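Chemist: What follows is protein18.txt, compact mmCIF, C-alpha atoms and all ligand atoms.
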```txt
# COMPACT_ATOMS: atom_id res chain seq x y z
CA MET D 151 12.97 3.07 6.32
CA ARG D 152 14.33 1.69 3.05
CA LEU D 153 11.94 0.62 0.28
CA ASP D 154 12.98 -1.09 -2.94
CA VAL D 155 10.65 -1.73 -5.86
CA VAL D 156 11.35 -4.09 -8.75
CA THR D 157 9.15 -3.54 -11.80
CA ILE D 158 9.12 -3.59 -15.60
CA PHE D 159 7.54 -0.08 -15.40
CA PRO D 160 9.95 2.05 -13.31
CA ALA D 161 8.32 5.26 -14.66
CA PHE D 162 5.15 4.46 -12.67
CA PHE D 163 7.10 5.41 -9.57
CA ASP D 164 8.22 8.86 -10.76
CA VAL D 165 5.26 10.34 -8.83
CA LEU D 166 6.97 9.33 -5.57
CA ASP D 167 9.18 12.40 -6.03
CA VAL D 168 6.25 14.76 -5.40
CA SER D 169 3.96 15.52 -2.45
CA LEU D 170 4.22 14.01 1.02
CA LEU D 171 6.46 11.18 -0.10
CA GLY D 172 8.86 13.51 -1.88
CA LYS D 173 9.23 15.54 1.33
CA ALA D 174 9.83 12.43 3.44
CA ARG D 175 12.51 11.35 1.01
CA GLU D 176 14.15 14.78 1.12
CA ARG D 177 14.10 14.72 4.92
CA GLY D 178 15.75 11.30 4.98
CA LEU D 179 12.84 9.49 6.68
CA LEU D 180 12.35 7.36 3.61
CA ASP D 181 14.78 6.01 1.06
CA ILE D 182 13.22 4.49 -2.05
CA GLY D 183 14.99 2.60 -4.83
CA VAL D 184 13.23 1.64 -8.06
CA HIS D 185 14.78 -1.10 -10.19
CA ASP D 186 14.00 -2.24 -13.74
CA LEU D 187 13.52 -6.02 -13.84
CA ARG D 188 14.75 -6.05 -17.44
CA ASP D 189 18.21 -5.01 -16.23
CA PHE D 190 18.46 -8.56 -14.82
CA THR D 191 17.83 -10.33 -18.14
CA HIS D 192 20.64 -11.48 -20.43
CA ASP D 193 18.95 -12.07 -23.80
CA ARG D 194 18.74 -9.58 -26.67
CA HIS D 195 15.02 -9.04 -26.16
CA ARG D 196 15.26 -8.61 -22.38
CA THR D 197 12.54 -11.27 -21.94
CA VAL D 198 10.74 -11.33 -18.58
CA ASP D 199 7.79 -13.64 -19.29
CA ASP D 200 6.87 -16.92 -20.96
CA THR D 201 3.83 -19.13 -21.58
CA PRO D 202 2.34 -20.94 -18.57
CA TYR D 203 3.04 -24.64 -17.96
CA GLY D 204 -0.29 -26.45 -18.13
CA GLY D 205 -1.66 -23.97 -20.66
CA GLY D 206 -4.07 -21.10 -20.22
CA ALA D 207 -4.34 -17.44 -21.13
CA GLY D 208 -1.68 -14.84 -20.49
CA MET D 209 1.98 -15.01 -19.67
CA VAL D 210 3.85 -15.80 -16.46
CA MET D 211 6.96 -13.97 -15.32
CA LYS D 212 10.12 -16.06 -15.60
CA PRO D 213 11.88 -16.82 -12.33
CA GLU D 214 15.51 -16.13 -13.34
CA PRO D 215 15.41 -12.29 -13.63
CA TRP D 216 13.50 -12.13 -10.31
CA GLY D 217 16.10 -14.38 -8.69
CA GLU D 218 18.96 -12.14 -9.76
CA ALA D 219 17.18 -8.87 -8.92
CA LEU D 220 16.10 -10.03 -5.46
CA ASP D 221 19.46 -11.69 -4.64
CA GLY D 222 20.98 -8.23 -4.85
CA LEU D 223 18.34 -6.47 -2.75
CA LEU D 224 17.23 -8.78 0.06
CA GLN D 225 19.01 -8.51 3.40
CA PRO D 226 18.37 -10.71 6.45
CA GLU D 227 16.06 -8.03 7.92
CA SER D 228 14.04 -7.46 4.71
CA ILE D 229 10.45 -8.43 4.01
CA LEU D 230 9.72 -9.43 0.41
CA VAL D 231 6.25 -8.11 -0.47
CA ILE D 232 4.64 -9.72 -3.52
CA PRO D 233 1.48 -7.82 -4.58
CA SER D 234 -1.09 -10.27 -5.91
CA PRO D 235 -4.88 -10.44 -6.13
CA ALA D 236 -4.41 -13.90 -4.56
CA GLY D 237 -2.60 -12.52 -1.49
CA GLU D 238 -3.72 -11.78 2.07
CA ARG D 239 -5.71 -8.52 2.37
CA PHE D 240 -3.61 -5.38 2.94
CA THR D 241 -5.29 -3.60 5.84
CA GLN D 242 -4.44 -0.66 8.11
CA GLY D 243 -3.13 -3.30 10.53
CA VAL D 244 -0.71 -4.67 7.93
CA ALA D 245 0.33 -1.08 7.06
CA ARG D 246 1.04 -0.43 10.76
CA GLU D 247 3.05 -3.64 10.98
CA PHE D 248 5.10 -2.84 7.84
CA ALA D 249 5.73 0.74 9.07
CA THR D 250 7.82 -0.71 11.93
CA GLU D 251 10.14 -2.54 9.52
CA SER D 252 13.52 -1.28 8.29
CA HIS D 253 13.42 -2.70 4.75
CA LEU D 254 10.61 -3.72 2.40
CA VAL D 255 11.18 -5.03 -1.13
CA PHE D 256 8.17 -4.92 -3.47
CA ALA D 257 8.19 -7.36 -6.40
CA CYS D 258 5.68 -6.01 -8.93
CA GLY D 259 4.52 -8.70 -11.31
CA ARG D 260 1.86 -8.73 -13.94
CA TYR D 261 -1.48 -10.02 -12.71
CA GLU D 262 -1.11 -13.53 -14.17
CA GLY D 263 1.74 -13.67 -11.72
CA ILE D 264 5.38 -14.44 -11.15
CA ASP D 265 6.51 -18.08 -11.31
CA HIS D 266 5.44 -19.43 -7.91
CA ARG D 267 8.92 -20.74 -7.13
CA VAL D 268 10.26 -17.20 -6.69
CA GLY D 269 8.26 -16.68 -3.49
CA GLU D 270 8.97 -20.26 -2.38
CA HIS D 271 12.70 -19.82 -2.93
CA PHE D 272 13.05 -16.57 -1.02
CA ALA D 273 10.81 -17.85 1.80
CA ARG D 274 13.62 -20.31 2.59
CA GLU D 275 15.67 -17.46 4.04
CA HIS D 276 13.40 -14.40 4.23
CA ARG D 277 9.99 -13.24 5.36
CA VAL D 278 7.73 -13.23 2.27
CA ARG D 279 4.21 -11.74 2.19
CA SER D 280 1.85 -12.00 -0.78
CA VAL D 281 -0.58 -9.10 -0.41
CA SER D 282 -3.78 -7.92 -2.17
CA ILE D 283 -5.15 -4.39 -1.81
CA GLY D 284 -8.78 -5.41 -2.46
CA ASP D 285 -11.20 -7.67 -4.25
CA TYR D 286 -10.74 -6.46 -7.83
CA VAL D 287 -8.11 -7.16 -10.47
CA LEU D 288 -5.36 -4.76 -11.54
CA ASN D 289 -3.08 -5.33 -14.52
CA GLY D 290 0.01 -5.53 -12.35
CA GLY D 291 1.42 -4.90 -8.90
CA GLU D 292 2.57 -1.32 -9.55
CA VAL D 293 -0.58 0.60 -8.55
CA ALA D 294 -1.07 -1.72 -5.55
CA THR D 295 2.52 -1.08 -4.48
CA MET D 296 2.01 2.67 -4.76
CA ALA D 297 -1.07 2.44 -2.54
CA MET D 298 0.81 0.36 0.02
CA ILE D 299 3.83 2.71 0.01
CA GLU D 300 1.54 5.67 0.69
CA ALA D 301 -0.34 3.85 3.48
CA ILE D 302 2.88 2.64 5.12
CA SER D 303 5.06 5.73 4.77
CA ARG D 304 2.52 8.11 6.36
CA LEU D 305 2.69 5.97 9.52
CA ILE D 306 6.42 6.51 9.92
CA PRO D 307 6.94 8.89 12.88
CA GLY D 308 7.57 12.44 11.61
CA MET D 309 5.73 11.95 8.32
CA VAL D 310 2.33 13.51 9.09
CA GLY D 311 2.24 16.96 10.73
CA ASN D 312 -0.29 16.12 13.44
CA PRO D 313 -0.05 12.55 14.82
CA GLU D 314 -3.66 12.84 16.09
CA SER D 315 -4.88 13.08 12.50
CA ILE D 316 -3.68 9.50 12.10
CA VAL D 317 -5.31 8.23 15.28
CA GLU D 318 -8.66 9.90 14.53
CA GLU D 319 -9.09 8.89 10.95
CA SER D 320 -11.07 6.13 9.28
CA HIS D 321 -9.93 2.60 10.03
CA GLU D 322 -7.44 3.44 12.79
CA ASP D 323 -10.18 2.71 15.38
CA GLY D 324 -11.91 0.18 13.13
CA LEU D 325 -14.83 2.52 12.28
CA LEU D 326 -15.42 5.03 9.48
CA GLU D 327 -14.61 8.66 10.28
CA ALA D 328 -17.34 11.21 11.06
CA PRO D 329 -18.01 13.82 8.31
CA ALA D 330 -15.87 16.99 8.41
CA TYR D 331 -16.81 20.66 7.78
CA THR D 332 -15.04 24.00 7.51
CA LYS D 333 -16.05 27.63 6.90
CA PRO D 334 -18.38 29.06 5.68
CA ALA D 335 -21.12 27.95 8.12
CA GLN D 336 -23.69 28.24 5.28
CA TRP D 337 -22.91 27.11 1.74
CA ARG D 338 -25.43 26.71 -1.11
CA GLY D 339 -28.25 26.33 1.40
CA LEU D 340 -26.43 23.67 3.40
CA SER D 341 -25.43 24.29 7.02
CA VAL D 342 -22.82 22.86 9.31
CA PRO D 343 -24.29 20.72 12.13
CA PRO D 344 -24.76 23.25 15.00
CA VAL D 345 -23.10 21.01 17.60
CA LEU D 346 -19.75 21.48 15.80
CA MET D 347 -20.01 25.25 16.35
CA SER D 348 -21.23 24.95 19.96
CA GLY D 349 -17.82 24.89 21.61
CA ASN D 350 -19.05 21.97 23.74
CA HIS D 351 -16.19 19.50 23.29
CA GLY D 352 -17.94 16.64 25.10
CA ALA D 353 -21.01 17.02 22.87
CA ILE D 354 -18.78 17.22 19.77
CA ARG D 355 -16.93 14.06 20.75
CA GLN D 356 -20.26 12.26 21.32
CA TRP D 357 -21.70 13.51 17.98
CA ARG D 358 -18.61 12.29 16.10
CA ALA D 359 -18.74 8.89 17.80
CA ASP D 360 -22.45 8.56 16.90
CA GLN D 361 -21.80 9.59 13.28
CA SER D 362 -18.91 7.12 13.05
CA MET D 363 -21.11 4.31 14.32
CA GLU D 364 -24.04 5.25 12.06
CA ARG D 365 -21.86 5.61 8.94
CA THR D 366 -20.20 2.28 9.63
CA ARG D 367 -23.57 0.58 10.20
CA SER D 368 -24.92 1.86 6.89
CA ILE D 369 -21.83 1.78 4.61
CA ARG D 370 -19.50 -0.87 6.10
CA PRO D 371 -21.48 -3.14 8.48
CA ASP D 372 -18.79 -5.79 7.88
CA LEU D 373 -16.43 -3.70 10.06
CA LEU D 374 -18.68 -4.04 13.13
CA PRO D 375 -18.19 -6.91 15.57
CL1 LIG D 401 -1.73 -6.53 -5.15
N1 LIG D 401 -2.27 -6.97 -7.70
C1 LIG D 401 -3.10 -7.10 -8.74
N2 LIG D 401 -2.61 -7.37 -9.94
N3 LIG D 401 -4.41 -6.93 -8.62
C2 LIG D 401 -4.86 -6.64 -7.42
C3 LIG D 401 -4.06 -6.51 -6.30
C4 LIG D 401 -2.73 -6.69 -6.48
N4 LIG D 401 -4.81 -6.22 -5.25
C5 LIG D 401 -6.05 -6.17 -5.71
N5 LIG D 401 -6.10 -6.43 -7.01
```
So that I can check it, write out the structure of this file as structure tokens.

Modeler:
Amino acid sequence: MRLDVVTIFPAFFDVLDVSLLGKARERGLLDIGVHDLRDFTHDRHRTVDDTPYGGGAGMVMKPEPWGEALDGLLQPESILVIPSPAGERFTQGVAREFATESHLVFACGRYEGIDHRVGEHFAREHRVRSVSIGDYVLNGGEVATMAMIEAISRLIPGMVGNPESIVEESHEDGLLEAPAYTKPAQWRGLSVPPVLMSGNHGAIRQWRADQSMERTRSIRPDLLP
């Protein structure tokens, strides 16, 4: 999979070189390009934003640098992903869908947004998705993009050591995961639930399913039908 990111803060993405993502890149499963939006400006001050038509606080990103940057990156098969608090919710389902794609281009704008015509223009010839990672406001799309890249890339076959760890975890089955324990069996007066040390795999499966349901009921009832 190829990922391209356009941003005024390319250094945010230096962390992609470490950890799981760094390994995937080394192994050729993932190819990530990070591009500085200011390289597509032509004025002395490398201006990327301007005051909003109609007035109001904050600045809006000018369309021309985005046009030039995205003209050079988008292919017929690409999806243009525009992180925005006003977008559709990014869920595990969207991550799974994006993980099957060959090319995603992330356009990281500041939170006041990119001139709306940029998305409109590229939607004439490409798939464009405006996506929010949750109901809170970030200063820009960079941190949201990082979260999405991590969620998507770990679903690419060959990325995670044990594929079952993906199937079993929170949200893949729509419920929260059961709590996990490791050795020692006693720690600071707290013990591991005996069923997990019983060797009875049917009972363990049932206990985990019950815990999943109970956790979901108490912490995330909105996830239940
Ligand atoms: Cl994708 N961008 C910004 N700026 N804020 C957000 C967001 C995205 N998702 C949640 N809050």

Chemist: Using all atoms listed in the file, find each residue with an atom at most 10 Å away from ligand LIG 401 (chain D) and format the answer as JSON, numbers by chain.

Modeler: {"D": [231, 232, 233, 234, 235, 236, 237, 238, 239, 240, 258, 259, 260, 261, 262, 263, 280, 281, 282, 283, 284, 285, 286, 287, 288, 289, 290, 291, 292, 293, 294, 295, 296, 297, 298]}

Chemist: Excluding Asp199 in chain D and residues on its chain fewer than 3 positions from it, collect all residues at most 10 Å away from it, counting all atoms listed in the file, and give them as a list in words.

Modeler: Arg196, Pro202, Gly208, Met209, Val210, Met211, Lys212, Pro213, Pro215, Gly259, Arg260, Gly263, Ile264 and Asp265 of chain D

Chemist: From the list D:Thr241, D:Trp216, D:Tyr331, D:Gly339, which residue is nearest His185 in chain D when using only C-alpha atoms?

Modeler: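 Closest candidate: D:Trp216.
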
Chemist: Might you pull out every residue within 9 Å of Trp357 in chain D, with all atoms listed in the file counted and same-chain residues fewer than 3 positions away left off, and present them as a VMD selection string?

Modeler: chain D and resid 328 345 to 346 352 to 354 360 to 362

Chemist: Suppose you want the space between CA of Asp186 in chain D and CA of Val168 in chain D; what is it in Å?

Modeler: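 Rounded to one decimal, the two atoms are 20.5 Å apart.
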
Chemist: Suppose you want the space between CA of Leu230 in chain D and CA of Phe256 in chain D; what is it in Å?

Modeler: 6.1 Å

Chemist: Please list as an MDAnalysis selection string every residue within 10 Å of Thr366 in chain D, counting all atoms listed in the file and excluding residues in the same chain fewer than 6 positions away.

Modeler: chainID D and resid 320 324:328 360 372:374

Chemist: How big is the axis-aligned box around the listed atoms of range 233-249 of chain D once 4 Å is added on each side, and where is its centre? Give both in Å to one decimal, as AutoDock Vina command-line options.

Modeler:
```
--center_x 0.0 --center_y -6.6 --center_z 2.4 --size_x 19.4 --size_y 22.6 --size_z 25.1
```

Chemist: Name the residues, using the chain letters and numbers of the file, that sit within 10 Å of (-18.8, 23.8, 7.4) when counting all atoms listed in the file, and give them as a PyMOL selection string.

Modeler: chain D and resi 330-337+340-344+346-347

Chemist: Given all atoms listed in the file as the basis, pick out the residue of D:Val198, D:Val155, D:Ala273, D:Leu166 nearest to Leu254 in chain D.

Modeler: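 Going through D:Val198, D:Val155, D:Ala273, D:Leu166 one by one, the smallest distance to Leu254 in chain D is for D:Val155.
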
Chemist: Up to 8 Å from (12.7, 14.8, 10.3) in the file's coordinates: name the residues, counting all atoms listed in the file, as a list in words.

Modeler: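 Here the neighbourhood of the point contains Ala174, Arg177, Gly178, Leu179, Gly308 and Met309 of chain D.
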
Chemist: What does the distance from CA of Ala245 in chain D to CA of Gly217 in chain D come to in Å, to one decimal?

Modeler: 26.0 Å

Chemist: Which of these residues is nearest to Gly243 in chain D, using all atoms listed in the file: D:Glu214, D:Asp323, D:Asp181, D:Asp193?

Modeler: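 Using all atoms listed in the file, the shortest distance to Gly243 in chain D belongs to D:Asp323.
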
Chemist: Would you mind telling me which residue in D:Ala359, D:Val156, D:Leu171, D:Ala161 lies nearest to Phe190 in chain D when using all atoms listed in the file?

Modeler: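 Checking each of D:Ala359, D:Val156, D:Leu171, D:Ala161 against Phe190 in chain D, counting all atoms listed in the file, the winner is D:Val156.
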
Chemist: Select, from D:Gly206, D:Ala219, D:Arg175, D:Asn350, the residue with the minimum atom-to-atom distance to Asp189 in chain D, counting all atoms listed in the file.

Modeler: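 Of D:Gly206, D:Ala219, D:Arg175, D:Asn350, the one nearest Asp189 in chain D is D:Ala219, counting all atoms listed in the file.
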